Each structure stands twice: as C-alpha cells, then as structure tokens.
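The data block below is entry39.txt; it holds compact mmCIF, C-alpha atoms.
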# COMPACT_ATOMS: atom_id res chain seq x y z
CA MET A 1 -6.67 -4.89 -13.43
CA LYS A 2 -5.22 -2.20 -15.66
CA ILE A 3 -2.38 -2.77 -18.15
CA ILE A 4 0.33 -0.08 -18.15
CA LYS A 5 3.76 0.08 -19.79
CA ALA A 6 7.03 0.19 -17.89
CA THR A 7 7.46 3.76 -19.14
CA SER A 8 4.11 4.92 -17.76
CA LYS A 9 4.08 7.98 -15.47
CA GLN A 10 1.61 6.04 -13.34
CA LEU A 11 4.50 3.94 -12.05
CA GLU A 12 5.75 6.93 -10.06
CA LYS A 13 2.49 6.93 -8.10
CA ILE A 14 2.94 3.22 -7.43
CA TYR A 15 6.52 3.76 -6.24
CA ASN A 16 5.36 6.55 -3.92
CA ARG A 17 2.18 4.87 -2.73
CA ALA A 18 2.90 5.25 1.00
CA ASN A 19 -0.06 6.90 2.70
CA LEU A 20 0.15 10.67 2.92
CA LYS A 21 -0.28 12.31 6.31
CA ASN A 22 -3.93 12.59 7.28
CA ARG A 23 -4.24 15.51 9.69
CA ARG A 24 -7.82 14.69 10.68
CA LEU A 25 -6.94 11.08 11.46
CA GLU A 26 -3.87 12.20 13.37
CA GLU A 27 -5.93 14.51 15.59
CA ARG A 28 -8.62 11.88 16.27
CA VAL A 29 -6.04 9.31 17.30
CA LYS A 30 -4.16 11.82 19.45
CA LYS A 31 -7.37 12.58 21.36
CA ILE A 32 -7.97 8.87 21.99
CA ILE A 33 -4.39 8.36 23.18
CA ASP A 34 -4.57 11.40 25.49
CA ASP A 35 -7.87 10.15 26.95
CA VAL A 36 -6.41 6.73 27.72
CA ARG A 37 -3.23 8.26 29.14
CA LEU A 38 -5.25 10.52 31.47
CA PHE A 39 -8.28 8.38 32.33
CA GLY A 40 -7.04 4.81 31.86
CA ASP A 41 -9.64 2.04 32.09
CA GLU A 42 -12.50 4.54 32.07
CA ALA A 43 -11.43 5.71 28.59
CA LEU A 44 -10.99 2.12 27.39
CA LEU A 45 -14.55 1.26 28.43
CA LYS A 46 -15.89 4.42 26.77
CA TYR A 47 -14.23 3.72 23.42
CA THR A 48 -15.08 0.01 23.52
CA ARG A 49 -18.71 1.00 23.95
CA ARG A 50 -18.50 3.58 21.15
CA PHE A 51 -16.50 1.67 18.54
CA ASP A 52 -17.26 -1.98 19.29
CA GLY A 53 -20.80 -1.57 20.60
CA VAL A 54 -19.96 -3.48 23.78
CA LYS A 55 -20.56 -2.31 27.34
CA LEU A 56 -17.96 -3.79 29.68
CA LEU A 57 -17.16 -3.49 33.37
CA PRO A 58 -13.54 -2.76 34.35
CA ARG A 59 -13.03 -6.34 35.59
CA GLN A 60 -14.11 -7.65 32.17
CA LEU A 61 -11.26 -6.01 30.27
CA LYS A 62 -9.00 -8.94 31.11
CA VAL A 63 -10.08 -12.31 29.72
CA SER A 64 -10.52 -14.81 32.56
CA GLU A 65 -9.02 -18.28 32.81
CA ILE A 66 -12.55 -19.69 32.80
CA GLU A 67 -13.32 -18.04 29.45
CA ILE A 68 -10.03 -19.30 27.99
CA SER A 69 -10.76 -22.86 29.14
CA GLY A 70 -14.26 -22.62 27.71
CA ALA A 71 -12.89 -21.62 24.31
CA TYR A 72 -11.66 -25.19 23.78
CA GLN A 73 -15.30 -26.29 23.71
CA ASN A 74 -16.03 -23.99 20.77
CA ILE A 75 -13.40 -25.14 18.27
CA SER A 76 -13.21 -28.17 15.99
CA PRO A 77 -11.57 -31.27 17.54
CA ASN A 78 -8.69 -31.39 15.04
CA PHE A 79 -7.75 -27.70 15.33
CA VAL A 80 -5.11 -28.24 18.04
CA SER A 81 -3.38 -31.10 16.19
CA THR A 82 -3.30 -29.00 13.00
CA LEU A 83 -1.90 -26.07 14.93
CA LYS A 84 0.94 -28.13 16.41
CA VAL A 85 2.28 -28.90 12.92
CA VAL A 86 2.30 -25.20 12.03
CA ILE A 87 3.90 -24.21 15.34
CA GLU A 88 6.78 -26.61 14.72
CA ASN A 89 7.41 -25.03 11.29
CA VAL A 90 7.57 -21.54 12.81
CA ASN A 91 9.72 -22.74 15.72
CA ARG A 92 12.21 -24.43 13.40
CA PHE A 93 12.63 -21.26 11.33
CA TYR A 94 13.12 -18.88 14.26
CA ARG A 95 15.37 -21.14 16.32
CA LYS A 96 17.79 -21.04 13.38
CA ALA A 97 17.63 -17.21 13.29
CA LEU A 98 18.28 -16.71 17.03
CA LYS A 99 21.40 -14.62 17.71
CA ARG A 100 23.93 -15.56 20.38
CA SER A 101 26.08 -13.31 22.58
CA TRP A 102 29.74 -13.16 21.50
CA ARG A 103 33.20 -12.00 22.63
CA ILE A 104 36.59 -11.23 21.00
CA LYS A 105 39.85 -10.66 22.89
CA ASP A 106 43.17 -9.29 21.59
CA SER A 107 46.72 -10.00 22.75
CA ASP A 108 46.80 -6.87 24.94
CA GLY A 109 43.82 -8.03 26.98
CA ALA A 110 41.06 -5.88 25.47
CA LEU A 111 37.79 -7.78 25.38
CA LEU A 112 34.82 -6.67 23.25
CA GLY A 113 31.47 -8.23 22.58
CA GLU A 114 27.70 -8.04 22.51
CA ASN A 115 25.12 -9.43 24.88
CA TYR A 116 21.75 -10.22 23.28
CA VAL A 117 19.06 -9.66 25.88
CA PRO A 118 15.32 -10.26 25.31
CA LEU A 119 12.78 -7.52 25.96
CA ASP A 120 10.95 -7.74 29.27
CA ARG A 121 7.39 -7.15 28.09
CA VAL A 122 5.78 -7.12 24.62
CA GLY A 123 2.25 -6.26 23.50
CA VAL A 124 0.66 -8.08 20.56
CA TYR A 125 -2.28 -6.62 18.63
CA ILE A 126 -4.56 -9.14 16.87
CA PRO A 127 -7.18 -7.60 14.55
CA ALA A 128 -10.68 -9.07 14.47
CA GLY A 129 -12.60 -6.70 12.22
CA THR A 130 -13.60 -8.46 8.99
CA ALA A 131 -12.20 -11.78 10.24
CA PRO A 132 -10.29 -12.99 13.32
CA LEU A 133 -6.62 -13.26 12.32
CA VAL A 134 -5.86 -16.50 14.12
CA SER A 135 -2.62 -17.03 12.18
CA THR A 136 -1.26 -13.67 13.34
CA VAL A 137 -1.25 -14.97 16.91
CA TYR A 138 1.40 -17.62 16.27
CA MET A 139 3.20 -15.48 13.67
CA THR A 140 3.85 -12.80 16.33
CA VAL A 141 3.93 -14.62 19.66
CA LEU A 142 6.28 -17.47 18.66
CA PRO A 143 9.30 -15.34 17.66
CA ALA A 144 8.83 -13.34 20.87
CA LYS A 145 8.78 -16.51 22.97
CA ILE A 146 11.79 -18.00 21.16
CA ALA A 147 13.72 -14.78 21.78
CA GLY A 148 12.98 -15.18 25.49
CA VAL A 149 10.57 -12.29 26.10
CA ARG A 150 9.47 -12.55 29.74
CA LYS A 151 5.84 -11.41 29.39
CA VAL A 152 3.58 -11.28 26.34
CA ALA A 153 0.27 -9.39 26.59
CA LEU A 154 -2.27 -9.83 23.80
CA ILE A 155 -5.11 -7.45 22.97
CA SER A 156 -7.92 -7.96 20.48
CA PRO A 157 -11.25 -6.15 19.98
CA PRO A 158 -14.36 -7.99 21.26
CA ASP A 159 -17.25 -9.03 19.03
CA LYS A 160 -20.77 -7.63 19.47
CA ASN A 161 -21.35 -10.03 22.35
CA GLY A 162 -18.20 -8.98 24.13
CA PHE A 163 -16.17 -12.12 23.35
CA ILE A 164 -12.85 -12.75 21.61
CA ASN A 165 -12.86 -15.45 18.94
CA PRO A 166 -12.28 -18.85 20.62
CA HIS A 167 -9.57 -19.83 18.12
CA ILE A 168 -7.56 -16.74 19.07
CA LEU A 169 -7.92 -17.63 22.76
CA VAL A 170 -6.90 -21.26 22.20
CA VAL A 171 -3.81 -20.37 20.17
CA ALA A 172 -2.77 -17.74 22.71
CA ASN A 173 -3.26 -20.22 25.53
CA LEU A 174 -1.26 -22.96 23.82
CA LEU A 175 1.58 -20.50 23.22
CA LYS A 176 1.51 -19.47 26.89
CA VAL A 177 0.55 -15.84 26.33
CA ASP A 178 0.61 -14.30 29.80
CA GLU A 179 -2.34 -11.87 29.57
CA ILE A 180 -5.25 -11.39 27.16
CA TYR A 181 -7.41 -8.25 27.04
CA ARG A 182 -10.62 -7.52 25.11
CA VAL A 183 -9.74 -4.12 23.76
CA GLY A 184 -8.81 -2.93 20.28
CA GLY A 185 -8.25 0.14 18.14
CA ALA A 186 -6.11 3.16 18.94
CA GLN A 187 -7.30 2.93 22.55
CA GLY A 188 -5.75 -0.52 22.89
CA ILE A 189 -2.43 0.68 21.50
CA ALA A 190 -2.48 3.61 23.95
CA ALA A 191 -3.15 1.23 26.85
CA LEU A 192 -0.17 -0.94 25.90
CA ALA A 193 2.07 2.11 25.59
CA TYR A 194 1.06 4.09 28.69
CA GLY A 195 -0.62 1.49 30.86
CA THR A 196 -3.86 1.65 32.84
CA LYS A 197 -4.97 0.25 36.18
CA THR A 198 -5.73 -3.07 34.44
CA ILE A 199 -3.12 -3.19 31.65
CA ARG A 200 0.56 -2.77 32.44
CA PRO A 201 2.66 -0.88 29.84
CA VAL A 202 4.93 -2.82 27.49
CA ASP A 203 8.32 -2.19 25.89
CA LYS A 204 7.27 -2.94 22.31
CA ILE A 205 4.01 -3.24 20.35
CA ILE A 206 3.72 -5.56 17.35
CA GLY A 207 0.98 -6.72 15.03
CA PRO A 208 -1.09 -5.35 12.14
CA GLY A 209 -4.27 -3.28 12.32
CA ASN A 210 -6.44 -0.71 10.57
CA ILE A 211 -5.45 2.91 9.89
CA TYR A 212 -6.34 3.95 13.45
CA VAL A 213 -4.12 1.25 14.92
CA SER A 214 -1.27 2.11 12.55
CA GLU A 215 -1.53 5.82 13.32
CA ALA A 216 -1.64 5.10 17.06
CA LYS A 217 1.52 2.99 16.76
CA ARG A 218 3.20 5.85 14.93
CA GLN A 219 2.25 8.32 17.69
CA VAL A 220 3.38 6.16 20.62
CA PHE A 221 6.70 5.27 18.99
CA GLY A 222 9.42 6.64 21.25
CA LYS A 223 7.46 5.90 24.38
CA VAL A 224 7.64 2.28 23.24
CA ASP A 225 9.17 0.54 20.26
CA ILE A 226 6.99 -0.79 17.43
CA ASP A 227 7.55 -3.39 14.74
CA MET A 228 6.48 -1.29 11.73
CA ILE A 229 3.62 0.86 10.42
CA ALA A 230 1.67 -1.43 8.11
CA GLY A 231 -0.43 -0.30 5.18
CA PRO A 232 -2.68 -2.33 2.87
CA THR A 233 -1.34 -5.80 2.12
CA GLU A 234 0.16 -6.28 -1.34
CA LEU A 235 1.46 -8.85 -3.83
CA ALA A 236 3.67 -8.48 -6.89
CA VAL A 237 4.11 -11.39 -9.32
CA ILE A 238 6.96 -11.59 -11.83
CA ALA A 239 5.92 -13.95 -14.63
CA ASN A 240 6.53 -14.64 -18.31
CA ARG A 241 5.09 -16.72 -21.16
CA PHE A 242 6.23 -19.96 -19.49
CA SER A 243 4.30 -19.20 -16.29
CA ASN A 244 1.04 -21.03 -15.62
CA PRO A 245 -1.67 -18.36 -16.06
CA LYS A 246 -4.06 -20.26 -13.78
CA PHE A 247 -1.56 -20.02 -10.92
CA VAL A 248 -0.93 -16.33 -11.56
CA ILE A 249 -4.65 -15.53 -11.67
CA ALA A 250 -5.40 -17.62 -8.57
CA ASP A 251 -2.73 -15.86 -6.49
CA LEU A 252 -3.66 -12.36 -7.61
CA SER A 253 -7.30 -13.18 -6.92
CA ALA A 254 -6.47 -14.54 -3.44
CA GLN A 255 -4.69 -11.30 -2.56
CA ALA A 256 -7.85 -9.37 -3.42
CA GLU A 257 -9.69 -11.16 -0.60
CA HIS A 258 -7.97 -8.78 1.79
CA SER A 259 -9.62 -5.44 2.34
CA ARG A 260 -7.76 -2.82 0.28
CA GLY A 261 -5.27 -5.47 -0.90
CA MET A 262 -2.97 -4.28 -3.72
CA THR A 263 -1.80 -6.45 -6.64
CA PHE A 264 0.81 -6.07 -9.36
CA LEU A 265 1.67 -8.40 -12.24
CA ILE A 266 5.04 -7.57 -13.80
CA THR A 267 5.55 -9.44 -17.07
CA ASN A 268 7.12 -9.30 -20.53
CA SER A 269 4.34 -11.48 -21.96
CA LYS A 270 1.55 -9.61 -23.73
CA SER A 271 -0.56 -12.78 -23.98
CA LEU A 272 -0.32 -13.40 -20.23
CA ALA A 273 -1.14 -9.75 -19.55
CA SER A 274 -4.27 -9.95 -21.75
CA GLU A 275 -5.47 -13.19 -20.17
CA VAL A 276 -5.05 -11.86 -16.63
CA LYS A 277 -6.80 -8.62 -17.53
CA ILE A 278 -9.80 -10.52 -18.94
CA LYS A 279 -10.08 -12.87 -15.95
CA LEU A 280 -9.57 -10.14 -13.33
CA CYS A 281 -11.29 -7.27 -15.12
CA ASN A 282 -13.16 -6.18 -11.97
CA GLN A 283 -10.17 -6.39 -9.63
CA GLU A 284 -8.07 -3.37 -8.69
CA GLY A 285 -4.39 -3.56 -9.52
CA PHE A 286 -1.84 -3.09 -12.27
CA ILE A 287 -0.34 -5.26 -15.00
CA ILE A 288 3.05 -3.77 -15.88
CA LEU A 289 4.47 -4.70 -19.29
CA THR A 290 8.27 -4.79 -19.47
CA LYS A 291 10.82 -5.47 -22.23
CA ASN A 292 12.45 -8.37 -20.36
CA LEU A 293 12.70 -10.04 -16.96
CA ASP A 294 15.70 -7.96 -15.88
CA ASP A 295 13.55 -4.86 -16.26
CA ALA A 296 10.83 -6.66 -14.29
CA VAL A 297 13.28 -7.16 -11.42
CA GLU A 298 14.23 -3.48 -11.39
CA ILE A 299 10.59 -2.39 -11.37
CA SER A 300 9.89 -4.82 -8.54
CA ASN A 301 12.77 -3.34 -6.56
CA ARG A 302 11.29 0.13 -7.03
CA ILE A 303 7.87 -1.11 -5.90
CA ALA A 304 9.44 -2.95 -2.92
CA PRO A 305 6.36 -5.16 -2.43
CA GLU A 306 5.31 -6.86 0.78
CA HIS A 307 5.01 -10.22 -1.03
CA LEU A 308 6.85 -11.05 -4.25
CA GLU A 309 6.22 -14.21 -6.26
CA ILE A 310 8.78 -15.09 -8.95
CA MET A 311 6.88 -17.53 -11.11
CA VAL A 312 9.38 -18.30 -13.89
CA ASN A 313 11.36 -21.42 -14.84
CA ASN A 314 14.56 -20.37 -13.08
CA PRO A 315 13.44 -18.09 -10.23
CA ASN A 316 16.81 -18.26 -8.45
CA ARG A 317 18.45 -16.34 -11.31
CA LEU A 318 16.09 -13.43 -10.71
CA LEU A 319 16.33 -13.75 -6.93
CA LYS A 320 19.97 -12.65 -7.09
CA GLY A 321 18.80 -9.23 -8.28
CA ILE A 322 16.03 -8.74 -5.69
CA ARG A 323 17.01 -6.07 -3.16
CA ASN A 324 13.63 -4.93 -1.84
CA ALA A 325 10.80 -7.24 -0.76
CA GLY A 326 9.21 -8.34 2.50
CA ALA A 327 9.15 -12.02 1.50
CA VAL A 328 9.97 -13.77 -1.79
CA PHE A 329 8.14 -16.87 -3.01
CA LEU A 330 9.98 -18.90 -5.63
CA GLY A 331 8.48 -21.08 -8.36
CA PRO A 332 4.97 -22.23 -9.28
CA TYR A 333 4.29 -24.14 -6.05
CA SER A 334 5.05 -21.39 -3.54
CA PRO A 335 1.87 -19.30 -3.28
CA VAL A 336 1.71 -16.50 -0.71
CA ALA A 337 -0.87 -18.57 1.17
CA VAL A 338 1.84 -20.95 2.45
CA GLY A 339 3.70 -17.96 3.90
CA ASP A 340 0.50 -16.62 5.43
CA TYR A 341 -0.22 -19.81 7.33
CA VAL A 342 2.26 -22.68 7.46
CA ALA A 343 5.77 -22.14 6.04
CA GLY A 344 7.43 -20.67 9.15
CA PRO A 345 8.60 -17.06 8.56
CA SER A 346 6.21 -14.50 10.05
CA HIS A 347 3.60 -12.98 7.76
CA VAL A 348 4.03 -9.61 9.51
CA LEU A 349 5.90 -7.87 6.68
CA PRO A 350 6.71 -4.31 5.53
CA THR A 351 4.20 -2.73 3.13
CA ALA A 352 3.79 0.42 1.01
CA GLY A 353 7.38 0.34 -0.24
CA THR A 354 8.93 0.23 3.24
CA ALA A 355 10.66 -3.05 2.33
CA ARG A 356 13.38 -0.68 1.08
CA PHE A 357 14.48 -0.31 4.71
CA PHE A 358 12.28 -2.59 6.89
CA SER A 359 12.44 -6.37 7.27
CA GLY A 360 9.78 -8.90 8.12
CA LEU A 361 9.14 -9.61 11.80
CA SER A 362 12.11 -11.49 13.20
CA VAL A 363 13.26 -13.03 16.43
CA CYS A 364 15.81 -10.18 16.47
CA ASP A 365 12.95 -7.69 16.88
CA PHE A 366 12.60 -8.96 20.45
CA LEU A 367 16.29 -8.77 21.38
CA LYS A 368 18.39 -5.84 22.54
CA SER A 369 22.10 -5.70 21.81
CA ILE A 370 24.21 -4.52 24.78
CA HIS A 371 27.84 -3.72 23.93
CA VAL A 372 30.45 -5.15 26.33
CA ILE A 373 33.89 -3.49 26.72
CA SER A 374 36.65 -4.68 29.05
CA TYR A 375 40.20 -3.19 28.79
CA SER A 376 43.35 -4.24 30.64
CA LYS A 377 45.93 -1.66 31.77
CA LYS A 378 48.12 -2.66 28.82
CA SER A 379 45.35 -2.25 26.24
CA LEU A 380 44.27 1.11 27.76
CA GLU A 381 47.86 2.37 27.58
CA LYS A 382 47.99 1.41 23.91
CA ALA A 383 44.74 3.32 23.24
CA LYS A 384 45.77 6.38 25.30
CA ASP A 385 47.50 8.37 22.57
CA PRO A 386 44.77 8.28 19.85
CA LEU A 387 42.09 8.77 22.52
CA GLU A 388 43.83 11.90 23.89
CA LYS A 389 44.27 13.43 20.44
CA ILE A 390 40.63 12.98 19.42
CA ALA A 391 39.23 14.09 22.81
CA THR A 392 41.47 17.20 22.73
CA ILE A 393 40.15 18.15 19.27
CA GLU A 394 36.62 17.87 20.66
CA GLY A 395 37.56 19.97 23.67
CA LEU A 396 36.68 17.29 26.21
CA ASN A 397 39.74 17.53 28.44
CA ARG A 398 38.21 15.72 31.41
CA HIS A 399 37.85 12.68 29.19
CA VAL A 400 41.61 12.83 28.74
CA ASP A 401 42.12 13.22 32.51
CA SER A 402 39.94 10.16 33.20
CA VAL A 403 42.47 8.07 31.25
CA ARG A 404 45.67 9.79 32.46
CA THR A 405 44.72 9.36 36.11
CA ARG A 406 45.00 5.60 35.67
CA PHE A 407 48.70 5.94 34.93

Please rewrite the model in this file as structure tokens.
Amino acid sequence: MKIIKATSKQLEKIYNRANLKNRRLEERVKKIIDDVRLFGDEALLKYTRRFDGVKLLPRQLKVSEIEISGAYQNISPNFVSTLKVVIENVNRFYRKALKRSWRIKDSDGALLGENYVPLDRVGVYIPAGTAPLVSTVYMTVLPAKIAGVRKVALISPPDKNGFINPHILVVANLLKVDEIYRVGGAQGIAALAYGTKTIRPVDKIIGPGNIYVSEAKRQVFGKVDIDMIAGPTELAVIANRFSNPKFVIADLSAQAEHSRGMTFLITNSKSLASEVKIKLCNQEGFIILTKNLDDAVEISNRIAPEHLEIMVNNPNRLLKGIRNAGAVFLGPYSPVAVGDYVAGPSHVLPTAGTARFFSGLSVCDFLKSIHVISYSKKSLEKAKDPLEKIATIEGLNRHVDSVRTRF
C-alpha cells in the first residue's frame, strides 16, 4: 500500500475512480444482447459453449428438480443448520425495514395515500467465476421474498462439467427460488431482460458480476430495472493511534482476497501508517494521512466507499458525520466479514463512489409505490380555483373543463 497525504493530487483520481466508458466492451456486450434478443436459446447455447466451455442442449438450460435434490448429497451435513441461523438474521433485519401502505384523510373528504406493491418477477445473478458466491444467494433472494415478489428466477454460469455449485442449488431451494438456469455473463442478463423460449423475462435484475455483466445490466436498464452497476469491491478504514493495528491489517488484507478489491486506510497516525505499509507492502491500495479524524471523515465522504470501518474508541461520534457509504462497521469487533456473511443487511452495496446516491440492496428495491387519490365533491370544489389558475397558465383548458363539468 502507498502512503499519500490528504493534500495529494492523487486523491482526485480516487474520488473519480468510477470506470470510464469502454467503447470496445460496450460494442461486444451489445452484440451479445442483440443475439440473445433475436435468437433466444440458440444464442445462449452458443455463448455458453464459447465462454464457459460447456455444450448444452436447450432442455439443459433449466436446472431440473432431480439435480437440485441431488445437490443435498454433495454438501456437508451441517451446512443447512448453519444456513438457518444466517437466514434468520437476514429475515429479522428486512422484516423491520418492510414498508406498509398508508392513507391520510382531511375534513373535506380528500383521501391520499400510497400502496406498496411487490414486483411480479425478479431475476437474480449469482457469479461463479473465481468462487461460487453462495452468500449472495440469500443476500439477494431473501429481501425479494420478504417484499412479496411472486417469482424469483436465478441464473448462474455452469462449471466446466456443466453443473452449478451444489451449495448454490441448496440455498436457492431452501429459499424457494422458483426457477434456476445454468447461464451466465452478458447473455444471461439479456435472457432475463428480453426472455427466450426457456427463460421468461423479468421486471428487475439484481446481483453482482464481472464487467460484462455490469455493462449488460447498464444496457438493458429501461427495458427492466436493475439494482445498481457494481464495480470492484472496496473497503475504507478510519483508524488512529488507539486502533489495534493487527485488526486493521487483517481487514485490509481480507479485502484483497477479492479480485480487483480496493483498500484505503485513512488515519492521522504516522506510526500506524508505517506499520500497515510494511505489513502490506505488496498489496494495492492507499494509506491517506490526515491532520485529524474530522478530516478523515470528510475524505471518507468524498471517497464514498462500499464498506467503511470506523475503528476508533468512540466510533459513534464519527458516524454522525458520515454521509456517503454503502455500509458502516463500528468498532474493533465489526469486521466487514460479518456483513458479508451473517449480520443481516445485504452485502450487495454501491461501489466506485456511487454511495453518494445509491443505497445497499433493500427490501424497498422490490416494492413499487402506487399513489392513491380519492376526492369528495366538497374537496374537489375547494381545489377547483387553484387548479383552474395553474391549468390556464399552462394552456390546458380541457383540464379545467374536466373539473367544471362536475359542478
């Protein structure tokens, strides 16, 4: 890791680290999407053979009930009991966050409100490149199920033998995922967006993936909704001379296990900075030296990290100043790993500075808000005068007539 000062020009590059547009990537992904849109399953089989090295028949795109049942024979006996503990943590968090429909009514009889309605059909992408992301299954499917989504379809790329990791199948089965397909990459995103003979289109696509998956999600947005466009995972740690250097080093090192993972240590302690630099000399990342912890908070807000650990004696004091972060971990015993696997909130979080305007995956991502308006004759009469004046300014006289005719 490299030590830089808070006044370094290099900070501007960190603040603006979002991936620049890659025209070549954009064109490649567009071609894949167009192929799937035009040729459906045939295109899926072609790209699965090309990118995953697996030759499938059309009927093999969907994972069978027999294969799902057989997956239970290929996992450790205590996996299901362990999973149930984690599922309860996630359920408890998202049940608390669930929004309810509401109404207000005034004395003239006007009734206003919102109905929260779950999406009909959601597609979940589970990566399986360097490692099968088993935890992402429950971190994406559970909030969708709690919101009341009617159908959840899961896609994941097959291994060299044409199979999906048995742990992914077991978790999906336990969470009552409705359909599972062995397809990945941009072609899988296209199939979820436009549909094929085998895969029905969805209303929203969620889940992380590589640059091809992220670019495909960007291109299909508008045809369907998406959760966010994720970049490389990242961690920022705010620490000082009272922080345990072993904990800081362990967490920064853990983040580097992810492919292209980004790390930042923001500290006012020169001794801590030197120790971390020595221990993590071969790891990519930045150690940012600040004058004080308040400056550290401001720099963190500019970075807007996916994960932020505040590893000082009174982390709640600094938390009050945090405006931009995907998830915040307070104190020495809250490593990012607990958020990745067991705490409850989803680990699908905004990256590359998008925490300035995006939030982590929520149960609300699977709900639509429908406005409800009900006026009585008395309340409409009261609203008639301001309505007529504004509609007349806009030149929409038939709008005025639609109200007057009621009197």

Please, which residues are within 12 Å of (-5.1, -10.4, 2.2) by the file's coordinates, counting only C-alpha atoms, and could they come as a PyMOL selection string?
chain A and resi 130-131+133+208+231-235+251-263+306-307+336-337+339-341+347-348

Could you make a table, as CSV, of the residues of region 38-156 of chain A that have an atom within 8 Å of an atom of region 175-190 of chain A, each with its nearest atom pair and distance in Å to one decimal, counting all atoms listed in the file, in chain and number order?
residue,atom,partner,partner_atom,distance
A:Ala43,CA,A:Gln187,CA,7.8
A:Leu44,CA,A:Gln187,CA,6.1
A:Tyr47,CA,A:Gln187,CA,7.0
A:Thr48,CA,A:Val183,CA,6.8
A:Gln60,CA,A:Arg182,CA,7.9
A:Leu61,CA,A:Arg182,CA,5.4
A:Lys62,CA,A:Tyr181,CA,4.4
A:Val63,CA,A:Ile180,CA,5.5
A:Tyr125,CA,A:Gly184,CA,7.7
A:Pro127,CA,A:Gly184,CA,7.6
A:Tyr138,CA,A:Leu175,CA,7.5
A:Val141,CA,A:Leu175,CA,7.3
A:Leu142,CA,A:Leu175,CA,7.2
A:Lys151,CA,A:Asp178,CA,6.0
A:Val152,CA,A:Asp178,CA,5.5
A:Ala153,CA,A:Glu179,CA,4.7
A:Leu154,CA,A:Ile180,CA,4.8
A:Ile155,CA,A:Tyr181,CA,4.7
A:Ser156,CA,A:Gly184,CA,5.1

Write out as a tab-separated table a residue-level contact list of region 129-153 of chain A versus region 89-100 of chain A with cut-off 10 Å: for each qualifying residue the closest pair of atoms and the distance in Å to one decimal, counting only C-alpha atoms, rows sorted by chain and residue number upward.
residue	atom	partner	partner_atom	distance
A:Tyr138	CA	A:Val90	CA	8.1
A:Met139	CA	A:Val90	CA	7.5
A:Leu142	CA	A:Asn91	CA	6.9
A:Pro143	CA	A:Tyr94	CA	6.2
A:Ala144	CA	A:Tyr94	CA	9.6
A:Lys145	CA	A:Asn91	CA	9.6
A:Ile146	CA	A:Arg95	CA	6.8
A:Ala147	CA	A:Leu98	CA	6.9

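With all atoms listed in the file as the atoms that count, the minimum distance from Pro332 (chain A) to the choices A:Ile373, A:Val312, A:Val224, A:Ile390 is reached by A:Val312.
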
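CA of Arg398 (chain A) sits 20.6 Å away from CA of Ser374 (chain A).
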
Atom-to-atom span, CA of Ile164 (chain A) and CA of Ala71 (chain A), Å
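CA of Ala71 (chain A) lies at a distance of 9.3 Å from CA of Ile164 (chain A).
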
Just want the 7 Å neighbourhood of region 315-328 of chain A, counted on only C-alpha atoms, with same-chain residues fewer than 3 positions away dropped. Output as a list in words.
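Counting only the stated atoms, we get Val297, Asn301, Ala304, Pro305, Glu306, His307, Leu308, Glu309, Ile310, Met311, Val312, Gly331, Leu349, Pro350, Ala355, Arg356, Ser359 and Gly360 of chain A.
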
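Counting all atoms listed in the file and comparing A:Gly148, A:Val237, A:Val137, A:Asp108, the residue that lies closest to Ser334 (chain A) is A:Val237.
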
Can you tell me which residues surround Asn161 (chain A) at a distance of at most 10 Å, considering all atoms listed in the file, apart from same-chain residues fewer than 4 positions away, and format the answer as a list in words?
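Answer for this query is Asp52, Gly53, Val54 and Lys55 of chain A.
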
Grab the CA of Glu284 (chain A) to CA of Lys270 (chain A) distance for me, in Å with one decimal place.
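Distance reported for this atom pair: 18.9 Å.
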
Option closest in space to Gln219 (chain A), from A:Lys9, A:Lys30, A:His167, A:Arg23 [counting all atoms listed in the file]
A:Lys30

So, with all atoms listed in the file as the atoms that count, which of A:Ser362, A:Thr290, A:Asn115, A:Asn78 lies closest to Asn268 (chain A)?
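Result for the nearest residue to Asn268 (chain A): A:Thr290.
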
Calculated over only C-alpha atoms, which of the candidates A:Leu367, A:Val342, A:Ile68, A:Ile3 has the smallest distance to Thr82 (chain A)?
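So, comparing all the options, the nearest one is A:Val342.
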
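Of the listed residues A:Tyr212, A:Phe286, A:Trp102, A:Phe39, the one whose atoms come nearest to Thr267 (chain A) is A:Phe286, with distances taken using all atoms listed in the file.
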
May I have the residues at most 12 Å from (33.4, -14.4, 21.0) in the file's coordinates, counting all atoms listed in the file, as a ChimeraX atom specification?
/A:100-106,111-115,372

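Summary of the local environment: counting only C-alpha atoms, residues at most 10 Å from Ile299 (chain A), other than itself and those fewer than 2 positions away along its chain, are Ala6, Leu11, Tyr15, Ile238, Ile266, Ile288, Thr290, Leu293, Asp294, Asp295, Ala296, Val297, Asn301, Arg302, Ile303 and Ala304 of chain A.
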
Residues near Arg121 (chain A), cut-off 9 Å, only C-alpha atoms, skip fewer than 3 positions along chain, as a PDB file with C-alpha atoms, in the coordinates of the input:
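Wrote out_39.pdb, looks like this:
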ATOM      1  CA  PRO A 118      15.320 -10.260  25.310  1.00  0.00           C
ATOM      2  CA  VAL A 149      10.570 -12.290  26.100  1.00  0.00           C
ATOM      3  CA  ARG A 150       9.470 -12.550  29.740  1.00  0.00           C
ATOM      4  CA  LYS A 151       5.840 -11.410  29.390  1.00  0.00           C
ATOM      5  CA  VAL A 152       3.580 -11.280  26.340  1.00  0.00           C
ATOM      6  CA  ALA A 153       0.270  -9.390  26.590  1.00  0.00           C
ATOM      7  CA  PRO A 201       2.660  -0.880  29.840  1.00  0.00           C
ATOM      8  CA  VAL A 202       4.930  -2.820  27.490  1.00  0.00           C
ATOM      9  CA  ASP A 203       8.320  -2.190  25.890  1.00  0.00           C
ATOM     10  CA  LYS A 204       7.270  -2.940  22.310  1.00  0.00           C
TER      11      LYS A 204
END
